Amino acid sequence: MDDGMITTTPSLALFDCDGTLVDSQHAIVAAMTAAWRCHGLADPDPAAVRRIVGLSLLAAVAALLPQGMPRDHERLAELYKEAFRDQRRLGTQEEPLYPGAVAALDALAAAGVWLGVATGKGRRGLMPLLEHHALTDRFVTLQTADDGPGKPHPDMIHRAQAVTGVDADRVVMIGDTSFDMLMAVAAGVGAVGVAWGYHDVAELTAAGADHIVDDFAAVPATVLGLLPRTGTES
């Protein structure tokens with residue numbers, strides 16, 4: 001990070017959740033497996049489940065079971081939600097923060113950058129997670145797939161801009177999947193791919209990532225480097 005660089009014009013760093021802020025793959029695979037079993041299906045391939053993380057739930061289920069009918073997808077989505085709620089109730093849910101996440105959020109906030117979330121999670125799943133990690137008050141906008149098209153459609157970013165009033169050239173999307181990068185490109189905002197998530201670096205680059213970071217320590221400087229210099233002071 002540039003020493004002393006503090007933004008005076010509003011800027012917004014939007015973070016994906018699953019695979020970017022938290023490592024939720026075990027919880028997601030377990031819930032999807034439970035849903036498949038309840039519906040009388042063979043277990044889904046864990047690698048295939050990780051690949052659809054980031055999509056809205058119905059789109060994810062449809063991608064995993066393309067031969068299914070819409071009623072099958074809707075039923076599986078409900079079974080998935082039930083399984084996820086059971087994990088939370090029983091205390092078996094594994095969604096740890098990635099190392100360095102809080103320090104990176106702190107550094108961006110200290111530089112005057114507003115923080116937000118843009119996730120394929122529903123709000124009912126996102127809020128308990130943020131509360132568990134004491135992150136709820138850090139974000140000025142929380143965008144989920146509940147209120148419009150999911151990724152890679154740019155709607156979530158557009159809604160975040162509408163809420164915050166931040167122009168596209170001062171918005172950066174940080175995520176681990178090609179869906180995040182494609183969404184950022186479609187919205188005309190900066191795109192930072194993280195190498196620790198569920199899609200590989202080559203996919204992130206092909207989808208339009210401006211930069212790839214290998215750990216959270218590199219996120220603040222990378223985000224600030226994508227913001228225009230005008231409206232900043234040292």
# chains A, B, ... in the order shown; residues from 1 in each chain; ligands from 1
call {"tool": "select_by_dssp", "arguments": {"residues": "region 102-231 of chain A", "states": "strand (DSSP E)", "output": "ChimeraX atom specification"}}
result
/A:114-119,141-144,171-175,190-194,211-213
call {"tool": "residues_around", "arguments": {"residues": "region 155-169 of chain A", "least_positions_apart": "4", "cutoff": "9 Å", "atoms": "only C-alpha atoms", "output": "PyMOL selection string"}}
result
chain A and resi 9-12+14+114+116-119+140-145+147-151+173+183-184+187-190+226-228
call {"tool": "closest_residue", "arguments": {"among": "A:Pro70, A:Gly208, A:Gly54, A:Pro220", "to": "Ala186 (chain A)", "atoms": "only C-alpha atoms"}}
result
A:Gly208
call {"tool": "residues_around", "arguments": {"residues": "region 215-218 of chain A", "least_positions_apart": "2", "cutoff": "10 Å", "atoms": "only C-alpha atoms", "output": "ChimeraX atom specification"}}
result
/A:1,20-21,98-105,107,194-196,212-213,220-223
call {"tool": "residues_around", "arguments": {"residues": "Ala77 (chain A)", "least_positions_apart": "4", "cutoff": "10 Å", "atoms": "only C-alpha atoms", "output": "list in words"}}
result
Met32, Ala35, Trp36, Leu57, Leu58, Ala59, Ala60, Val61, Ala62, Arg71, Asp72, His73, Lys81, Glu82 and Ala83 of chain A
call {"tool": "write_last_selection", "arguments": {"atoms": "N, CA and C atoms", "output": "short mmCIF file (atom, residue, chain, number, x, y, z; two decimals), in the first residue's frame"}}
result
data_model
loop_
_atom_site.label_atom_id
_atom_site.label_comp_id
_atom_site.auth_asym_id
_atom_site.auth_seq_id
_atom_site.Cartn_x
_atom_site.Cartn_y
_atom_site.Cartn_z
N MET A 32 -24.88 -29.80 -0.09
CA MET A 32 -25.32 -30.24 -1.41
C MET A 32 -25.42 -31.76 -1.44
N ALA A 35 -28.61 -32.79 0.25
CA ALA A 35 -29.76 -32.52 -0.60
C ALA A 35 -29.90 -33.60 -1.67
N TRP A 36 -28.79 -33.96 -2.31
CA TRP A 36 -28.83 -34.99 -3.36
C TRP A 36 -29.33 -36.32 -2.79
N LEU A 57 -28.35 -19.99 -5.95
CA LEU A 57 -28.58 -21.39 -5.60
C LEU A 57 -29.28 -22.17 -6.71
N LEU A 58 -30.34 -21.63 -7.27
CA LEU A 58 -31.05 -22.36 -8.33
C LEU A 58 -30.16 -22.58 -9.53
N ALA A 59 -29.38 -21.57 -9.91
CA ALA A 59 -28.47 -21.71 -11.04
C ALA A 59 -27.41 -22.76 -10.74
N ALA A 60 -26.93 -22.79 -9.49
CA ALA A 60 -25.92 -23.77 -9.11
C ALA A 60 -26.47 -25.19 -9.18
N VAL A 61 -27.67 -25.39 -8.65
CA VAL A 61 -28.30 -26.71 -8.68
C VAL A 61 -28.53 -27.15 -10.12
N ALA A 62 -29.02 -26.23 -10.96
CA ALA A 62 -29.28 -26.57 -12.36
C ALA A 62 -27.99 -26.94 -13.09
N ARG A 71 -38.76 -28.52 -11.44
CA ARG A 71 -39.28 -28.89 -10.12
C ARG A 71 -38.22 -29.62 -9.30
N ASP A 72 -37.33 -30.39 -9.98
CA ASP A 72 -36.23 -31.05 -9.27
C ASP A 72 -35.26 -30.01 -8.72
N HIS A 73 -34.95 -29.02 -9.54
CA HIS A 73 -34.01 -27.98 -9.10
C HIS A 73 -34.58 -27.21 -7.92
N LYS A 81 -31.03 -25.73 1.45
CA LYS A 81 -31.23 -24.73 2.50
C LYS A 81 -31.48 -25.41 3.85
N GLU A 82 -32.30 -26.48 3.83
CA GLU A 82 -32.58 -27.20 5.07
C GLU A 82 -31.30 -27.81 5.65
N ALA A 83 -30.48 -28.40 4.79
CA ALA A 83 -29.24 -29.01 5.25
C ALA A 83 -28.29 -27.96 5.82
#
call {"tool": "closest_residue", "arguments": {"among": "A:Leu115, A:Asp16, A:His132, A:Glu94", "to": "Phe179 (chain A)", "atoms": "only C-alpha atoms"}}
result
A:Asp16
call {"tool": "select_by_dssp", "arguments": {"residues": "region 11-200 of chain A", "states": "alpha helix (DSSP H)", "output": "ChimeraX atom specification"}}
result
/A:25-38,46-51,57-64,70-90,101-110,123-132,155-164,178-187
call {"tool": "atom_distance", "arguments": {"atom1": "CA of Pro154 (chain A)", "atom2": "CA of Asp137 (chain A)"}}
result
24.4 Å
call {"tool": "decode", "arguments": {"residues": "region 27-75 of chain A", "atoms": "N, CA and C atoms", "output": "PDB file, in the first residue's frame"}}
result
ATOM      1  N   ALA A  27     -18.720 -26.882   4.059  1.00  0.00           N
ATOM      2  CA  ALA A  27     -20.134 -26.718   4.398  1.00  0.00           C
ATOM      3  C   ALA A  27     -21.014 -26.833   3.166  1.00  0.00           C
ATOM      4  N   ILE A  28     -20.572 -26.236   2.061  1.00  0.00           N
ATOM      5  CA  ILE A  28     -21.369 -26.251   0.829  1.00  0.00           C
ATOM      6  C   ILE A  28     -21.445 -27.664   0.257  1.00  0.00           C
ATOM      7  N   VAL A  29     -20.313 -28.351   0.197  1.00  0.00           N
ATOM      8  CA  VAL A  29     -20.308 -29.721  -0.333  1.00  0.00           C
ATOM      9  C   VAL A  29     -21.165 -30.632   0.539  1.00  0.00           C
ATOM     10  N   ALA A  30     -21.056 -30.481   1.859  1.00  0.00           N
ATOM     11  CA  ALA A  30     -21.847 -31.327   2.757  1.00  0.00           C
ATOM     12  C   ALA A  30     -23.344 -31.082   2.582  1.00  0.00           C
ATOM     13  N   ALA A  31     -23.736 -29.810   2.466  1.00  0.00           N
ATOM     14  CA  ALA A  31     -25.157 -29.497   2.311  1.00  0.00           C
ATOM     15  C   ALA A  31     -25.684 -29.961   0.957  1.00  0.00           C
ATOM     16  N   MET A  32     -24.879 -29.797  -0.094  1.00  0.00           N
ATOM     17  CA  MET A  32     -25.319 -30.241  -1.411  1.00  0.00           C
ATOM     18  C   MET A  32     -25.422 -31.764  -1.443  1.00  0.00           C
ATOM     19  N   THR A  33     -24.496 -32.451  -0.803  1.00  0.00           N
ATOM     20  CA  THR A  33     -24.544 -33.911  -0.753  1.00  0.00           C
ATOM     21  C   THR A  33     -25.791 -34.385  -0.009  1.00  0.00           C
ATOM     22  N   ALA A  34     -26.109 -33.733   1.103  1.00  0.00           N
ATOM     23  CA  ALA A  34     -27.312 -34.092   1.855  1.00  0.00           C
ATOM     24  C   ALA A  34     -28.566 -33.892   1.011  1.00  0.00           C
ATOM     25  N   ALA A  35     -28.607 -32.788   0.255  1.00  0.00           N
ATOM     26  CA  ALA A  35     -29.762 -32.520  -0.602  1.00  0.00           C
ATOM     27  C   ALA A  35     -29.905 -33.599  -1.666  1.00  0.00           C
ATOM     28  N   TRP A  36     -28.794 -33.964  -2.306  1.00  0.00           N
ATOM     29  CA  TRP A  36     -28.829 -34.989  -3.359  1.00  0.00           C
ATOM     30  C   TRP A  36     -29.326 -36.322  -2.790  1.00  0.00           C
ATOM     31  N   ARG A  37     -28.832 -36.682  -1.603  1.00  0.00           N
ATOM     32  CA  ARG A  37     -29.240 -37.951  -1.002  1.00  0.00           C
ATOM     33  C   ARG A  37     -30.723 -37.947  -0.656  1.00  0.00           C
ATOM     34  N   CYS A  38     -31.213 -36.834  -0.105  1.00  0.00           N
ATOM     35  CA  CYS A  38     -32.640 -36.748   0.246  1.00  0.00           C
ATOM     36  C   CYS A  38     -33.526 -36.845  -0.987  1.00  0.00           C
ATOM     37  N   HIS A  39     -32.984 -36.450  -2.127  1.00  0.00           N
ATOM     38  CA  HIS A  39     -33.757 -36.495  -3.375  1.00  0.00           C
ATOM     39  C   HIS A  39     -33.541 -37.822  -4.107  1.00  0.00           C
ATOM     40  N   GLY A  40     -32.803 -38.751  -3.472  1.00  0.00           N
ATOM     41  CA  GLY A  40     -32.598 -40.062  -4.078  1.00  0.00           C
ATOM     42  C   GLY A  40     -31.569 -40.094  -5.182  1.00  0.00           C
ATOM     43  N   LEU A  41     -30.636 -39.167  -5.157  1.00  0.00           N
ATOM     44  CA  LEU A  41     -29.614 -39.088  -6.197  1.00  0.00           C
ATOM     45  C   LEU A  41     -28.268 -39.524  -5.638  1.00  0.00           C
ATOM     46  N   ALA A  42     -27.396 -39.968  -6.530  1.00  0.00           N
ATOM     47  CA  ALA A  42     -26.017 -40.270  -6.136  1.00  0.00           C
ATOM     48  C   ALA A  42     -25.312 -38.986  -5.725  1.00  0.00           C
ATOM     49  N   ASP A  43     -24.341 -39.119  -4.842  1.00  0.00           N
ATOM     50  CA  ASP A  43     -23.640 -37.935  -4.350  1.00  0.00           C
ATOM     51  C   ASP A  43     -23.042 -37.129  -5.496  1.00  0.00           C
ATOM     52  N   PRO A  44     -23.158 -35.815  -5.443  1.00  0.00           N
ATOM     53  CA  PRO A  44     -22.520 -34.982  -6.467  1.00  0.00           C
ATOM     54  C   PRO A  44     -21.006 -35.007  -6.290  1.00  0.00           C
ATOM     55  N   ASP A  45     -20.293 -34.768  -7.366  1.00  0.00           N
ATOM     56  CA  ASP A  45     -18.832 -34.708  -7.320  1.00  0.00           C
ATOM     57  C   ASP A  45     -18.412 -33.453  -6.553  1.00  0.00           C
ATOM     58  N   PRO A  46     -17.643 -33.588  -5.466  1.00  0.00           N
ATOM     59  CA  PRO A  46     -17.228 -32.401  -4.707  1.00  0.00           C
ATOM     60  C   PRO A  46     -16.532 -31.352  -5.560  1.00  0.00           C
ATOM     61  N   ALA A  47     -15.724 -31.780  -6.517  1.00  0.00           N
ATOM     62  CA  ALA A  47     -15.039 -30.822  -7.385  1.00  0.00           C
ATOM     63  C   ALA A  47     -16.045 -30.038  -8.217  1.00  0.00           C
ATOM     64  N   ALA A  48     -17.093 -30.705  -8.680  1.00  0.00           N
ATOM     65  CA  ALA A  48     -18.128 -30.017  -9.453  1.00  0.00           C
ATOM     66  C   ALA A  48     -18.895 -29.041  -8.576  1.00  0.00           C
ATOM     67  N   VAL A  49     -19.123 -29.408  -7.318  1.00  0.00           N
ATOM     68  CA  VAL A  49     -19.814 -28.495  -6.397  1.00  0.00           C
ATOM     69  C   VAL A  49     -18.973 -27.243  -6.168  1.00  0.00           C
ATOM     70  N   ARG A  50     -17.676 -27.402  -5.969  1.00  0.00           N
ATOM     71  CA  ARG A  50     -16.816 -26.235  -5.750  1.00  0.00           C
ATOM     72  C   ARG A  50     -16.823 -25.308  -6.957  1.00  0.00           C
ATOM     73  N   ARG A  51     -16.990 -25.854  -8.139  1.00  0.00           N
ATOM     74  CA  ARG A  51     -16.950 -25.032  -9.350  1.00  0.00           C
ATOM     75  C   ARG A  51     -18.176 -24.137  -9.481  1.00  0.00           C
ATOM     76  N   ILE A  52     -19.289 -24.506  -8.860  1.00  0.00           N
ATOM     77  CA  ILE A  52     -20.498 -23.683  -9.013  1.00  0.00           C
ATOM     78  C   ILE A  52     -20.686 -22.718  -7.840  1.00  0.00           C
ATOM     79  N   VAL A  53     -19.753 -22.731  -6.883  1.00  0.00           N
ATOM     80  CA  VAL A  53     -19.836 -21.784  -5.773  1.00  0.00           C
ATOM     81  C   VAL A  53     -19.740 -20.366  -6.335  1.00  0.00           C
ATOM     82  N   GLY A  54     -20.664 -19.531  -5.915  1.00  0.00           N
ATOM     83  CA  GLY A  54     -20.711 -18.164  -6.421  1.00  0.00           C
ATOM     84  C   GLY A  54     -21.957 -17.898  -7.236  1.00  0.00           C
ATOM     85  N   LEU A  55     -22.497 -18.931  -7.866  1.00  0.00           N
ATOM     86  CA  LEU A  55     -23.762 -18.779  -8.579  1.00  0.00           C
ATOM     87  C   LEU A  55     -24.905 -18.706  -7.577  1.00  0.00           C
ATOM     88  N   SER A  56     -26.030 -18.139  -7.984  1.00  0.00           N
ATOM     89  CA  SER A  56     -27.214 -18.207  -7.149  1.00  0.00           C
ATOM     90  C   SER A  56     -27.616 -19.667  -7.005  1.00  0.00           C
ATOM     91  N   LEU A  57     -28.354 -19.989  -5.950  1.00  0.00           N
ATOM     92  CA  LEU A  57     -28.584 -21.388  -5.600  1.00  0.00           C
ATOM     93  C   LEU A  57     -29.278 -22.173  -6.707  1.00  0.00           C
ATOM     94  N   LEU A  58     -30.342 -21.629  -7.272  1.00  0.00           N
ATOM     95  CA  LEU A  58     -31.051 -22.360  -8.326  1.00  0.00           C
ATOM     96  C   LEU A  58     -30.155 -22.583  -9.534  1.00  0.00           C
ATOM     97  N   ALA A  59     -29.382 -21.568  -9.911  1.00  0.00           N
ATOM     98  CA  ALA A  59     -28.472 -21.715 -11.045  1.00  0.00           C
ATOM     99  C   ALA A  59     -27.408 -22.758 -10.741  1.00  0.00           C
ATOM    100  N   ALA A  60     -26.934 -22.794  -9.492  1.00  0.00           N
ATOM    101  CA  ALA A  60     -25.919 -23.772  -9.105  1.00  0.00           C
ATOM    102  C   ALA A  60     -26.474 -25.191  -9.185  1.00  0.00           C
ATOM    103  N   VAL A  61     -27.674 -25.387  -8.653  1.00  0.00           N
ATOM    104  CA  VAL A  61     -28.296 -26.715  -8.682  1.00  0.00           C
ATOM    105  C   VAL A  61     -28.534 -27.153 -10.119  1.00  0.00           C
ATOM    106  N   ALA A  62     -29.017 -26.232 -10.961  1.00  0.00           N
ATOM    107  CA  ALA A  62     -29.279 -26.569 -12.365  1.00  0.00           C
ATOM    108  C   ALA A  62     -27.991 -26.937 -13.094  1.00  0.00           C
ATOM    109  N   ALA A  63     -26.892 -26.256 -12.752  1.00  0.00           N
ATOM    110  CA  ALA A  63     -25.613 -26.581 -13.381  1.00  0.00           C
ATOM    111  C   ALA A  63     -25.115 -27.953 -12.946  1.00  0.00           C
ATOM    112  N   LEU A  64     -25.392 -28.334 -11.709  1.00  0.00           N
ATOM    113  CA  LEU A  64     -24.974 -29.644 -11.201  1.00  0.00           C
ATOM    114  C   LEU A  64     -25.858 -30.776 -11.707  1.00  0.00           C
ATOM    115  N   LEU A  65     -27.119 -30.467 -12.012  1.00  0.00           N
ATOM    116  CA  LEU A  65     -28.057 -31.494 -12.470  1.00  0.00           C
ATOM    117  C   LEU A  65     -28.764 -30.997 -13.740  1.00  0.00           C
ATOM    118  N   PRO A  66     -28.021 -30.858 -14.835  1.00  0.00           N
ATOM    119  CA  PRO A  66     -28.610 -30.279 -16.053  1.00  0.00           C
ATOM    120  C   PRO A  66     -29.742 -31.117 -16.627  1.00  0.00           C
ATOM    121  N   GLN A  67     -29.752 -32.422 -16.316  1.00  0.00           N
ATOM    122  CA  GLN A  67     -30.813 -33.281 -16.831  1.00  0.00           C
ATOM    123  C   GLN A  67     -32.092 -33.185 -15.998  1.00  0.00           C
ATOM    124  N   GLY A  68     -32.047 -32.489 -14.883  1.00  0.00           N
ATOM    125  CA  GLY A  68     -33.211 -32.385 -14.011  1.00  0.00           C
ATOM    126  C   GLY A  68     -34.261 -31.423 -14.535  1.00  0.00           C
ATOM    127  N   MET A  69     -35.482 -31.599 -14.079  1.00  0.00           N
ATOM    128  CA  MET A  69     -36.578 -30.697 -14.410  1.00  0.00           C
ATOM    129  C   MET A  69     -36.562 -29.511 -13.442  1.00  0.00           C
ATOM    130  N   PRO A  70     -37.205 -28.405 -13.823  1.00  0.00           N
ATOM    131  CA  PRO A  70     -37.257 -27.261 -12.908  1.00  0.00           C
ATOM    132  C   PRO A  70     -37.770 -27.608 -11.520  1.00  0.00           C
ATOM    133  N   ARG A  71     -38.756 -28.517 -11.438  1.00  0.00           N
ATOM    134  CA  ARG A  71     -39.279 -28.892 -10.120  1.00  0.00           C
ATOM    135  C   ARG A  71     -38.217 -29.620  -9.297  1.00  0.00           C
ATOM    136  N   ASP A  72     -37.332 -30.391  -9.978  1.00  0.00           N
ATOM    137  CA  ASP A  72     -36.231 -31.049  -9.274  1.00  0.00           C
ATOM    138  C   ASP A  72     -35.256 -30.012  -8.724  1.00  0.00           C
ATOM    139  N   HIS A  73     -34.945 -29.024  -9.544  1.00  0.00           N
ATOM    140  CA  HIS A  73     -34.012 -27.977  -9.105  1.00  0.00           C
ATOM    141  C   HIS A  73     -34.577 -27.209  -7.919  1.00  0.00           C
ATOM    142  N   GLU A  74     -35.858 -26.904  -7.967  1.00  0.00           N
ATOM    143  CA  GLU A  74     -36.475 -26.163  -6.862  1.00  0.00           C
ATOM    144  C   GLU A  74     -36.477 -26.994  -5.581  1.00  0.00           C
ATOM    145  N   ARG A  75     -36.776 -28.274  -5.705  1.00  0.00           N
ATOM    146  CA  ARG A  75     -36.781 -29.144  -4.527  1.00  0.00           C
ATOM    147  C   ARG A  75     -35.372 -29.298  -3.953  1.00  0.00           C
TER     148      ARG A  75
END
